[in-house]
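For reference, input.cif is printed below; it contains mmCIF, C-alpha atoms and all ligand atoms.
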```cif
data_input
#
loop_
_atom_site.label_atom_id
_atom_site.label_comp_id
_atom_site.auth_asym_id
_atom_site.auth_seq_id
_atom_site.Cartn_x
_atom_site.Cartn_y
_atom_site.Cartn_z
CA MET F 1 44.75 3.36 -7.02
CA LYS F 2 42.33 1.44 -4.82
CA ASN F 3 42.74 1.40 -1.04
CA PRO F 4 41.32 -1.97 0.10
CA PHE F 5 42.20 -1.51 3.80
CA THR F 6 39.22 -0.99 6.09
CA PRO F 7 40.42 0.43 9.43
CA SER F 8 36.97 1.85 10.23
CA ASP F 9 34.77 -1.04 9.11
CA ILE F 10 33.89 -4.33 10.70
CA ALA F 11 35.23 -7.14 8.53
CA SER F 12 32.07 -9.22 8.47
CA LEU F 13 31.96 -10.42 4.87
CA PRO F 14 33.88 -13.63 4.24
CA GLU F 15 36.03 -11.94 1.57
CA ASP F 16 37.12 -9.26 4.08
CA PHE F 17 37.72 -11.64 6.94
CA PHE F 18 41.13 -13.31 7.37
CA GLY F 19 42.31 -16.13 9.63
CA ARG F 20 40.61 -17.43 12.78
CA ASP F 21 39.30 -20.60 11.06
CA LYS F 22 40.02 -22.66 14.12
CA GLU F 23 38.33 -20.17 16.44
CA ILE F 24 35.20 -20.13 14.24
CA ARG F 25 34.99 -23.92 14.39
CA LEU F 26 35.57 -23.92 18.16
CA LEU F 27 32.94 -21.27 18.76
CA ALA F 28 30.43 -23.01 16.49
CA ARG F 29 30.80 -26.22 18.49
CA ALA F 30 30.49 -24.29 21.74
CA ILE F 31 27.28 -22.56 20.57
CA ASN F 32 25.74 -25.96 19.98
CA GLN F 33 26.42 -26.68 23.67
CA GLY F 34 25.45 -23.37 25.28
CA SER F 35 25.89 -19.61 25.34
CA VAL F 36 29.29 -18.04 24.66
CA CYS F 37 31.29 -14.88 25.33
CA ILE F 38 33.85 -13.30 23.00
CA GLU F 39 36.30 -11.09 24.85
CA GLY F 40 39.39 -9.15 23.86
CA SER F 41 41.00 -5.73 23.82
CA PHE F 42 39.97 -2.78 21.64
CA GLY F 43 40.16 -3.34 17.90
CA ILE F 44 41.24 -6.96 18.26
CA GLY F 45 38.38 -8.00 15.97
CA LYS F 46 35.54 -9.00 18.34
CA SER F 47 32.73 -7.55 16.23
CA SER F 48 34.17 -8.95 13.01
CA PHE F 49 34.64 -12.37 14.59
CA MET F 50 31.14 -12.39 16.06
CA SER F 51 29.61 -11.40 12.77
CA ARG F 52 31.61 -13.95 10.77
CA THR F 53 30.78 -16.72 13.25
CA LEU F 54 27.07 -15.86 13.08
CA LEU F 55 27.24 -16.14 9.31
CA HIS F 56 28.77 -19.59 9.77
CA MET F 57 25.97 -20.51 12.21
CA ASP F 58 23.46 -19.28 9.64
CA GLY F 59 24.75 -21.89 7.21
CA PHE F 60 27.30 -19.95 5.16
CA ALA F 61 29.81 -22.56 3.96
CA SER F 62 28.66 -24.82 6.79
CA ASN F 63 25.92 -27.26 7.74
CA GLU F 64 24.71 -25.17 10.66
CA LYS F 65 21.05 -24.10 10.74
CA CYS F 66 20.72 -21.42 13.40
CA VAL F 67 18.65 -18.27 13.43
CA PHE F 68 19.99 -15.12 15.04
CA VAL F 69 19.20 -11.55 15.96
CA MET F 70 22.05 -9.16 16.61
CA ALA F 71 21.97 -6.06 18.82
CA VAL F 72 24.60 -3.59 20.02
CA GLY F 73 24.84 -2.58 23.68
CA HIS F 74 25.32 1.01 24.87
CA GLY F 75 25.67 3.05 28.03
CA ASP F 76 21.96 3.90 28.35
CA ILE F 77 21.05 0.25 28.92
CA LYS F 78 20.68 0.23 32.69
CA THR F 79 17.88 -2.20 33.47
CA VAL F 80 16.89 -5.67 32.37
CA ASP F 81 13.89 -4.11 30.55
CA ASP F 82 16.25 -1.76 28.63
CA ALA F 83 18.29 -4.81 27.62
CA ALA F 84 15.18 -6.72 26.57
CA LEU F 85 14.05 -3.71 24.49
CA LEU F 86 17.43 -3.72 22.75
CA VAL F 87 16.70 -7.26 21.57
CA LEU F 88 13.01 -6.62 20.84
CA ASP F 89 13.97 -3.71 18.59
CA LYS F 90 15.79 -6.17 16.35
CA LEU F 91 13.23 -8.92 16.63
CA VAL F 92 9.81 -7.35 16.29
CA GLU F 93 7.73 -4.83 14.46
CA VAL F 94 5.07 -3.08 16.52
CA ASP F 95 1.72 -2.73 14.79
CA ASN F 96 -0.17 -0.11 16.79
CA THR F 97 -3.31 -0.16 14.64
CA GLN F 98 -3.82 -3.88 15.09
CA GLN F 99 -2.26 -3.82 18.58
CA LYS F 100 0.03 -6.66 17.69
CA ILE F 101 3.70 -7.40 17.75
CA LYS F 102 4.97 -9.03 14.58
CA ILE F 103 8.08 -11.13 14.50
CA GLY F 104 9.75 -11.55 11.18
CA ILE F 105 13.05 -13.35 11.23
CA PRO F 106 14.19 -14.40 7.79
CA LYS F 107 13.74 -18.15 7.35
CA LEU F 108 11.06 -18.25 10.08
CA ILE F 109 7.42 -17.84 9.18
CA SER F 110 6.25 -14.61 10.74
CA TYR F 111 4.37 -14.81 13.98
CA GLU F 112 2.17 -12.28 15.81
CA SER F 113 1.34 -11.73 19.44
CA THR F 114 -1.24 -9.46 21.08
CA GLU F 115 -0.22 -10.47 24.62
CA ALA F 116 3.37 -9.47 23.99
CA TYR F 117 2.06 -6.18 22.61
CA THR F 118 0.28 -5.46 25.92
CA PHE F 119 3.49 -6.08 27.90
CA PHE F 120 5.46 -4.04 25.38
CA ASN F 121 3.08 -1.10 25.69
CA GLU F 122 3.37 -1.16 29.47
CA GLY F 123 7.16 -0.95 29.20
CA ARG F 124 7.50 -4.52 30.48
CA HIS F 125 9.97 -5.42 27.80
CA LEU F 126 11.46 -8.44 29.52
CA SER F 127 7.97 -9.90 29.94
CA ALA F 128 7.23 -9.19 26.27
CA LEU F 129 10.44 -10.89 25.18
CA SER F 130 9.88 -13.88 27.48
CA LYS F 131 6.31 -14.16 26.19
CA ILE F 132 7.53 -14.32 22.61
CA VAL F 133 10.40 -16.72 23.18
CA ALA F 134 8.29 -19.11 25.30
CA ASP F 135 5.16 -18.95 23.13
CA GLN F 136 4.09 -22.26 21.58
CA SER F 137 3.99 -21.07 18.00
CA PHE F 138 7.31 -19.22 18.27
CA LYS F 139 8.76 -22.30 19.95
CA SER F 140 7.58 -24.65 17.23
CA GLN F 141 9.02 -22.34 14.60
CA ILE F 142 12.41 -21.90 16.18
CA ASN F 143 12.53 -25.66 16.68
CA ASN F 144 13.03 -25.80 12.91
CA ALA F 145 16.35 -24.13 13.54
CA GLU F 146 19.10 -25.77 15.52
CA ASN F 147 19.46 -22.80 17.81
CA PHE F 148 17.92 -19.39 18.22
CA ILE F 149 20.79 -17.01 18.94
CA ILE F 150 20.55 -13.63 20.62
CA ALA F 151 23.85 -11.92 19.80
CA ILE F 152 24.85 -8.71 21.61
CA ASP F 153 28.00 -6.75 20.80
CA GLU F 154 29.72 -4.11 22.99
CA CYS F 155 28.43 -5.75 26.17
CA GLU F 156 31.07 -4.01 28.29
CA LYS F 157 28.95 -0.86 28.09
CA CYS F 158 26.03 -2.46 29.90
CA SER F 159 27.23 -5.76 31.37
CA PRO F 160 25.03 -5.74 34.54
CA ALA F 161 21.81 -5.39 32.50
CA ILE F 162 22.93 -8.04 30.00
CA ALA F 163 23.79 -10.42 32.85
CA ARG F 164 20.29 -10.01 34.27
CA LEU F 165 18.68 -10.46 30.86
CA MET F 166 20.58 -13.63 30.15
CA ARG F 167 19.93 -15.09 33.59
CA THR F 168 16.17 -14.38 33.54
CA LEU F 169 15.49 -15.33 29.95
CA CYS F 170 17.57 -18.52 30.05
CA THR F 171 15.94 -19.63 33.31
CA GLU F 172 12.44 -18.92 32.01
CA VAL F 173 12.85 -20.72 28.71
CA GLN F 174 14.61 -23.66 30.32
CA LEU F 175 11.75 -24.00 32.78
CA GLN F 176 9.48 -24.24 29.76
CA GLY F 177 11.60 -26.98 28.27
CA ILE F 178 13.09 -24.87 25.50
CA LYS F 179 16.64 -25.95 24.93
CA ASN F 180 17.77 -24.07 21.89
CA LEU F 181 18.09 -20.45 23.03
CA ARG F 182 21.69 -19.20 23.02
CA PHE F 183 23.39 -15.93 23.82
CA VAL F 184 26.51 -14.88 21.94
CA LEU F 185 27.98 -11.92 23.80
CA ALA F 186 30.97 -9.86 22.68
CA GLY F 187 32.80 -7.05 24.44
CA VAL F 188 36.00 -5.58 25.73
CA SER F 189 37.50 -7.70 28.50
CA PRO F 190 36.83 -8.07 31.37
CA PHE F 191 33.08 -7.78 30.74
CA TYR F 192 32.56 -11.49 31.52
CA GLN F 193 34.05 -10.87 34.96
CA GLN F 194 31.85 -7.78 35.36
CA MET F 195 28.79 -9.92 34.64
CA ALA F 196 29.98 -12.50 37.16
CA ASP F 197 30.48 -9.73 39.75
CA VAL F 198 26.83 -8.73 39.37
CA ASP F 199 25.56 -12.29 39.46
CA ARG F 200 27.89 -15.15 40.36
CA GLY F 201 25.48 -17.71 38.98
CA VAL F 202 25.39 -16.18 35.51
CA THR F 203 28.58 -17.94 34.52
CA ARG F 204 26.63 -21.20 34.68
CA PHE F 205 24.84 -20.12 31.51
CA ILE F 206 28.09 -19.41 29.66
CA TYR F 207 29.45 -22.59 28.21
CA LYS F 208 32.62 -21.06 26.82
CA SER F 209 34.41 -17.73 26.92
CA ILE F 210 36.88 -17.07 24.15
CA ASN F 211 39.66 -14.50 24.48
CA LEU F 212 40.63 -13.16 21.06
CA GLU F 213 44.34 -12.86 20.35
CA PRO F 214 45.95 -11.03 17.41
CA LEU F 215 45.92 -12.84 14.05
CA ASP F 216 48.67 -15.39 13.62
CA GLN F 217 51.62 -14.46 11.44
CA ASP F 218 50.39 -16.44 8.39
CA SER F 219 46.93 -14.85 8.45
CA ALA F 220 48.42 -11.36 8.91
CA LEU F 221 50.74 -11.90 5.95
CA THR F 222 47.92 -13.32 3.81
CA LEU F 223 45.75 -10.30 4.62
CA LEU F 224 48.55 -7.91 3.65
CA ASP F 225 49.51 -9.89 0.53
CA ASP F 226 45.91 -10.00 -0.70
CA LYS F 227 45.27 -6.31 -0.06
CA PHE F 228 48.53 -5.18 -1.67
CA LYS F 229 47.71 -7.37 -4.70
CA VAL F 230 44.43 -5.48 -5.05
CA VAL F 231 46.38 -2.21 -4.90
CA ALA F 232 48.87 -3.37 -7.56
CA THR F 233 46.12 -4.65 -9.87
CA SER F 234 44.11 -1.45 -9.57
CA ALA F 235 47.20 0.69 -10.28
CA GLU F 236 47.97 -1.45 -13.34
CA ARG F 237 44.40 -1.09 -14.57
CA ASP F 238 44.76 2.69 -14.27
CA GLY F 239 47.92 2.48 -16.38
CA GLU F 240 50.24 3.36 -13.48
CA SER F 241 53.36 1.42 -12.70
CA LEU F 242 53.70 0.53 -9.05
CA ASN F 243 56.34 -1.50 -7.25
CA ILE F 244 55.64 -2.87 -3.82
CA ASP F 245 58.68 -3.64 -1.69
CA PRO F 246 57.89 -7.00 0.04
CA GLU F 247 59.81 -5.72 3.05
CA VAL F 248 56.91 -3.29 3.71
CA ILE F 249 54.55 -6.22 4.15
CA ASP F 250 56.88 -7.97 6.60
CA ARG F 251 57.39 -4.79 8.62
CA ILE F 252 53.67 -3.97 8.84
CA ALA F 253 53.05 -7.53 10.04
CA ALA F 254 55.81 -7.15 12.66
CA ILE F 255 54.83 -3.70 13.93
CA SER F 256 51.15 -4.60 14.18
CA GLY F 257 51.97 -7.91 15.88
CA GLY F 258 48.99 -9.30 13.94
CA HIS F 259 46.59 -6.88 15.65
CA PRO F 260 43.90 -6.56 12.96
CA HIS F 261 43.08 -2.89 13.50
CA LEU F 262 46.74 -1.88 13.42
CA LEU F 263 47.23 -3.96 10.26
CA GLN F 264 44.34 -2.21 8.57
CA LEU F 265 45.31 1.25 9.82
CA LEU F 266 48.98 1.05 8.85
CA GLY F 267 48.16 -0.55 5.50
CA SER F 268 45.63 2.13 4.74
CA HIS F 269 48.03 4.99 5.59
CA VAL F 270 50.85 3.48 3.55
CA ILE F 271 48.60 3.42 0.46
CA GLU F 272 47.42 6.98 1.10
CA HIS F 273 51.02 8.14 1.45
CA GLU F 274 51.92 6.74 -1.93
CA PHE F 275 48.76 8.29 -3.38
CA GLU F 276 49.57 11.74 -1.95
CA ASP F 277 53.23 11.67 -2.86
CA PRO F 278 53.58 9.17 -5.72
CA ASP F 279 57.01 7.84 -6.61
CA GLY F 280 55.87 4.57 -8.23
CA CYS F 281 57.06 2.53 -5.28
CA ILE F 282 55.53 1.57 -1.95
CA ASP F 283 58.56 1.20 0.29
CA ILE F 284 59.84 1.55 3.85
CA LYS F 285 59.82 5.33 3.51
CA ASP F 286 56.03 5.28 3.01
CA LEU F 287 55.78 3.17 6.15
CA VAL F 288 57.93 5.51 8.28
CA ASP F 289 55.96 8.50 7.01
CA SER F 290 52.70 6.70 7.79
CA LEU F 291 53.76 6.05 11.37
CA ARG F 292 54.58 9.71 11.80
CA THR F 293 51.30 10.72 10.19
CA ILE F 294 49.32 8.46 12.51
CA CYS F 295 51.21 9.54 15.65
CA TYR F 296 51.48 13.27 14.97
CA GLU F 297 48.72 14.14 12.50
CA SER F 298 45.70 11.88 12.11
CA ARG F 299 45.75 11.00 15.80
CA GLY F 300 48.08 13.78 16.89
CA ARG F 301 45.52 15.96 18.64
CA ASP F 302 43.98 13.03 20.52
CA TYR F 303 47.43 11.97 21.65
CA ASP F 304 48.44 15.52 22.68
CA LEU F 305 45.32 15.67 24.82
CA LEU F 306 45.83 12.23 26.34
CA ILE F 307 49.48 12.90 27.16
CA HIS F 308 48.52 16.27 28.64
CA THR F 309 45.82 14.63 30.80
CA MET F 310 48.21 11.93 31.97
CA LYS F 311 50.74 14.59 32.98
CA ASN F 312 48.11 16.65 34.79
CA GLU F 313 46.93 13.59 36.67
CA SER F 314 50.54 12.63 37.52
CA VAL F 315 50.30 9.25 35.85
CA PHE F 316 52.49 9.86 32.81
CA SER F 317 55.54 8.46 34.56
CA ASP F 318 53.47 5.37 35.39
CA TYR F 319 52.47 5.01 31.74
CA HIS F 320 56.10 5.31 30.82
CA THR F 321 57.10 2.63 33.31
CA PHE F 322 54.38 0.47 31.81
CA ILE F 323 55.68 0.79 28.26
CA GLU F 324 59.19 0.18 29.51
CA LEU F 325 57.98 -3.08 31.05
CA ALA F 326 56.37 -3.94 27.71
CA GLY F 327 59.79 -3.92 26.07
CA GLY F 328 60.15 -3.25 22.37
CA SER F 329 57.97 -5.89 20.76
CA PHE F 330 54.45 -5.72 19.37
CA PRO F 331 51.78 -6.15 20.55
CA SER F 332 52.66 -5.05 24.06
CA LYS F 333 52.21 -7.48 26.92
CA VAL F 334 53.05 -6.72 30.52
CA ASP F 335 52.95 -9.27 33.29
CA ARG F 336 50.24 -8.12 35.71
CA SER F 337 52.16 -8.92 38.87
CA LYS F 338 55.28 -7.14 37.55
CA ALA F 339 53.19 -4.09 36.66
CA LEU F 340 51.69 -4.02 40.16
CA GLU F 341 55.18 -4.28 41.68
CA ALA F 342 56.50 -1.35 39.65
CA ILE F 343 53.42 0.88 39.45
CA ASP F 344 51.07 2.18 42.10
CA SER F 345 47.76 0.27 41.95
CA ASP F 346 45.76 3.55 41.87
CA ALA F 347 47.69 4.54 38.74
CA ILE F 348 47.01 1.12 37.17
CA ASP F 349 43.30 1.58 37.93
CA TRP F 350 43.39 5.08 36.45
CA LEU F 351 44.97 3.80 33.24
CA LEU F 352 42.51 0.90 33.08
CA THR F 353 39.40 3.03 33.61
CA ARG F 354 40.57 5.52 30.94
CA ASN F 355 41.12 2.61 28.53
CA ILE F 356 44.78 3.49 28.12
CA ILE F 357 45.79 0.01 29.20
CA SER F 358 43.60 -3.08 29.28
CA VAL F 359 43.48 -6.50 30.85
CA ASN F 360 44.74 -8.87 28.20
CA ASP F 361 44.18 -12.16 30.04
CA ASP F 362 44.56 -13.60 33.54
CA THR F 363 48.27 -12.83 33.67
CA THR F 364 48.93 -9.87 31.35
CA TYR F 365 47.99 -6.27 30.58
CA SER F 366 48.35 -4.55 27.17
CA VAL F 367 48.35 -0.97 26.01
CA VAL F 368 45.06 -0.28 24.25
CA ASP F 369 46.57 1.83 21.48
CA GLU F 370 49.98 0.77 20.22
CA PHE F 371 50.40 4.00 18.29
CA LEU F 372 50.10 6.07 21.48
CA ARG F 373 52.95 3.96 22.78
CA VAL F 374 54.96 4.60 19.59
CA ARG F 375 54.18 8.30 19.88
CA VAL F 376 55.42 8.50 23.49
CA VAL F 377 58.62 6.67 22.58
CA LEU F 378 59.14 8.93 19.55
CA ASP F 379 58.61 12.00 21.77
CA LEU F 380 61.11 10.80 24.33
CA GLN F 381 63.65 9.83 21.69
CA GLU F 382 63.29 13.13 19.89
CA THR F 383 67.02 13.50 19.46
CA LYS F 384 67.39 9.95 18.18
CA LEU F 385 64.35 9.64 15.95
CA ASP F 386 66.29 8.02 13.14
CA GLU F 387 67.54 5.36 15.51
CA VAL F 388 64.01 4.53 16.69
CA GLU F 389 62.73 4.38 13.14
CA LEU F 390 65.62 2.25 12.00
CA GLU F 391 65.00 -0.22 14.80
CA LEU F 392 61.30 -0.26 14.01
CA MET F 393 61.94 -0.82 10.34
CA ASN F 394 64.72 -3.35 10.65
CA HIS F 395 63.44 -5.41 13.54
CA GLY F 396 59.79 -4.44 13.95
CA GLU F 397 60.61 -3.38 17.52
CA LEU F 398 60.80 -0.10 19.37
CA SER F 399 64.18 0.92 20.65
CA LEU F 400 63.46 2.13 24.14
CA PRO F 401 65.21 4.98 25.92
CA GLY F 402 68.47 3.81 27.44
CA GLN F 403 68.32 6.47 30.13
CA SER F 404 65.86 6.73 32.94
CA PHE F 405 62.63 8.56 32.30
CA GLU F 406 63.53 11.47 34.60
CA MET F 407 66.86 12.02 32.88
CA LEU F 408 65.22 12.03 29.50
CA TYR F 409 62.76 14.58 30.69
CA GLU F 410 65.51 16.80 31.98
CA ASN F 411 67.39 16.37 28.71
CA THR F 412 64.44 17.28 26.55
CA GLY F 413 63.62 20.20 28.80
CA ARG F 414 60.05 19.03 29.37
CA GLU F 415 58.36 19.57 32.63
CA ASN F 416 58.54 16.57 34.89
CA VAL F 417 55.39 15.11 36.40
N1 LIG E 1 39.72 -11.38 10.88
C1 LIG E 1 39.89 -10.17 10.35
N2 LIG E 1 40.33 -10.01 9.08
C2 LIG E 1 40.53 -8.78 8.57
N3 LIG E 1 40.32 -7.65 9.23
C3 LIG E 1 39.88 -7.74 10.49
C4 LIG E 1 39.63 -8.99 11.11
N4 LIG E 1 39.21 -8.77 12.37
C5 LIG E 1 39.18 -7.44 12.50
N5 LIG E 1 39.57 -6.82 11.38
C6 LIG E 1 39.70 -5.36 11.17
O1 LIG E 1 40.21 -4.81 12.39
C7 LIG E 1 39.52 -3.65 12.77
C8 LIG E 1 38.84 -3.86 14.12
O2 LIG E 1 37.87 -4.87 13.99
P1 LIG E 1 36.57 -4.91 14.90
O3 LIG E 1 35.80 -3.65 14.80
O4 LIG E 1 35.88 -6.18 14.58
O5 LIG E 1 37.27 -5.01 16.32
P2 LIG E 1 36.62 -4.87 17.76
O6 LIG E 1 37.43 -5.71 18.67
O7 LIG E 1 35.16 -5.16 17.69
O8 LIG E 1 36.86 -3.33 18.03
P3 LIG E 1 36.20 -2.44 19.20
O9 LIG E 1 36.94 -2.77 20.44
O10 LIG E 1 36.46 -1.04 18.72
O11 LIG E 1 34.74 -2.80 19.26
C9 LIG E 1 38.57 -3.36 11.62
O12 LIG E 1 39.24 -2.47 10.77
C10 LIG E 1 38.37 -4.68 10.91
O13 LIG E 1 38.17 -4.47 9.55
MG MG E 2 33.55 -4.00 18.16
#
```
Let's see the structure in the file written out as structure tokens.
Amino acid sequence: MKNPFTPSDIASLPEDFFGRDKEIRLLARAINQGSVCIEGSFGIGKSSFMSRTLLHMDGFASNEKCVFVMAVGHGDIKTVDDAALLVLDKLVEVDNTQQKIKIGIPKLISYESTEAYTFFNEGRHLSALSKIVADQSFKSQINNAENFIIAIDECEKCSPAIARLMRTLCTEVQLQGIKNLRFVLAGVSPFYQQMADVDRGVTRFIYKSINLEPLDQDSALTLLDDKFKVVATSAERDGESLNIDPEVIDRIAAISGGHPHLLQLLGSHVIEHEFEDPDGCIDIKDLVDSLRTICYESRGRDYDLLIHTMKNESVFSDYHTFIELAGGSFPSKVDRSKALEAIDSDAIDWLLTRNIISVNDDTTYSVVDEFLRVRVVLDLQETKLDEVELELMNHGELSLPGQSFEMLYENTGRENV
């Protein structure tokens, strides 16, 4: 039985990518106007969306004719030269014997530069990159493309350096009359704000910033339908009979709230559950078992540690208040002003810097990991687990503790924080 869910892979191929047609079209138009940012919370699909949009810009099922290089940011990128090297690594090949830098982007005739090599060798990576991008022969070649795109993922890990790179490179090439260089930057929000904090003027170079939301209901259901069809077909081919309760698909869509990573993760676990304990039917029981497996086994140790740390740092009660404010629906959304009224701002900052909660948009926060939230609710409702699961299965919502947090803690005999 095939498991077509991909919780650990970026969905970059068109056949793996679901929904977001409108966003791709919007972003494509924006790229023709200027540079863009893709923001969103963890696992919301930023990398997949960036990759799929770049494919569109490259002419896949479209009339676009752009050329792109794609790099991934990381915590060691501190300076503008580090950031330039990140891009150069994807753009050039260094020929030490001939003391040349060779550029070989598919679709562009290759081009060599000895001057850029000298800069490169001296560690002046920004100068090397500027030299290449502003060079006449490079310029005439990229003019064959509509736009030359420098795409950088995971920008939140090095936003100050990326801001400086974008500012300097864009200014330099614009001064030289080059109009078709674009940046496509993706990262966990609020990296755009972090770039603006470093350099107010940098926002002038960003034409549009897009905040990714979960997939809409139709796309989530199509994803699940398609994947479960693959499962059924593969089981049939192997001569096994397999029934899939359509209710499972509806419930996964509801619990995940269209969050692509949660869709993929839950789907994948449900299939594995049936594989490990086959009864010829993928039903609600597989789903309940999968939730438990995710919360207490596959991610159990990480969650134990996180909960322990939150208790030690006296912020567990704040996390609890936060999930109470989120209510029972998925994905969680908490009004930022309400959160700041109910929770100490230091605790909010602590939860934000540890990536336990994240800024969703201008007005709301979210929990980063919905399963940690489910786990905490399951822990607190220990005596009423069936009730929680029933609520989750029947309505796709969490039933929250009716009593106050402190009372629950006394009742379950856990140490209060
Ligand atoms: N449009 C989509 N269709 C199908 N699956 C998707 C889609 N977008 C994302 N996914 C799936 O969701 C998961 C997370 O996607 P991705 O890695 O792109 O998110 P991300 O926001 O870049 O995550 P991170 O914050 O960890 O960088 C992956 O399993 C991916 O396969
Ligand atoms: Mg990513």
Box in all listed atoms of region 152-171 of chain F, axis-aligned, with 5 Å more on each side; write out centre and edge lengths in Å to one decimal as JSON.
```
{"center_x": 23.3, "center_y": -10.2, "center_z": 27.7, "size_x": 25.6, "size_y": 28.8, "size_z": 23.7}
```
8 Å contact set for Thr6 (chain F), only C-alpha atoms, chain neighbours under 5 positions out, as a list in words: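 Within the cut-off, the hits are Ala11, Gln264, Leu265 and Ser268 of chain F.
Using only C-alpha atoms for every distance, the candidate list F:Leu291, F:Leu85, F:Val230, F:Val377 yields F:Val377 as the residue closest to Ala326 (chain F).
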8 Å from ligand LIG 1 (chain E) is the threshold here; counting all atoms listed in the file, which polymer residues fall inside it? Answer as a PyMOL selection string. chain F and resi 5-12+16-20+40-50+153-154+187-188+215+223+259-265
Of the candidates F:Ile142, F:Ala186, F:Ile255, F:Val173, which shows the shortest atom-to-atom distance to ligand MG 2 (chain E), using all atoms listed in the file?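 Among F:Ile142, F:Ala186, F:Ile255, F:Val173, it is F:Ala186 that comes nearest to ligand MG 2 (chain E).
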Within 8 Å of Phe316 (chain F) using only C-alpha atoms, minus same-chain residues under 4 positions, as a list in words: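 Using only C-alpha atoms, the neighbours found are Ile307, Met310, Lys311, His320 and Val417 of chain F.
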Given only C-alpha atoms as the basis, pick out the residue of F:Ile105, F:Val198, F:Leu392, F:Ile271 nearest to Asp283 (chain F).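 Looking at the shortest contact to Asp283 (chain F), the residue is F:Ile271.
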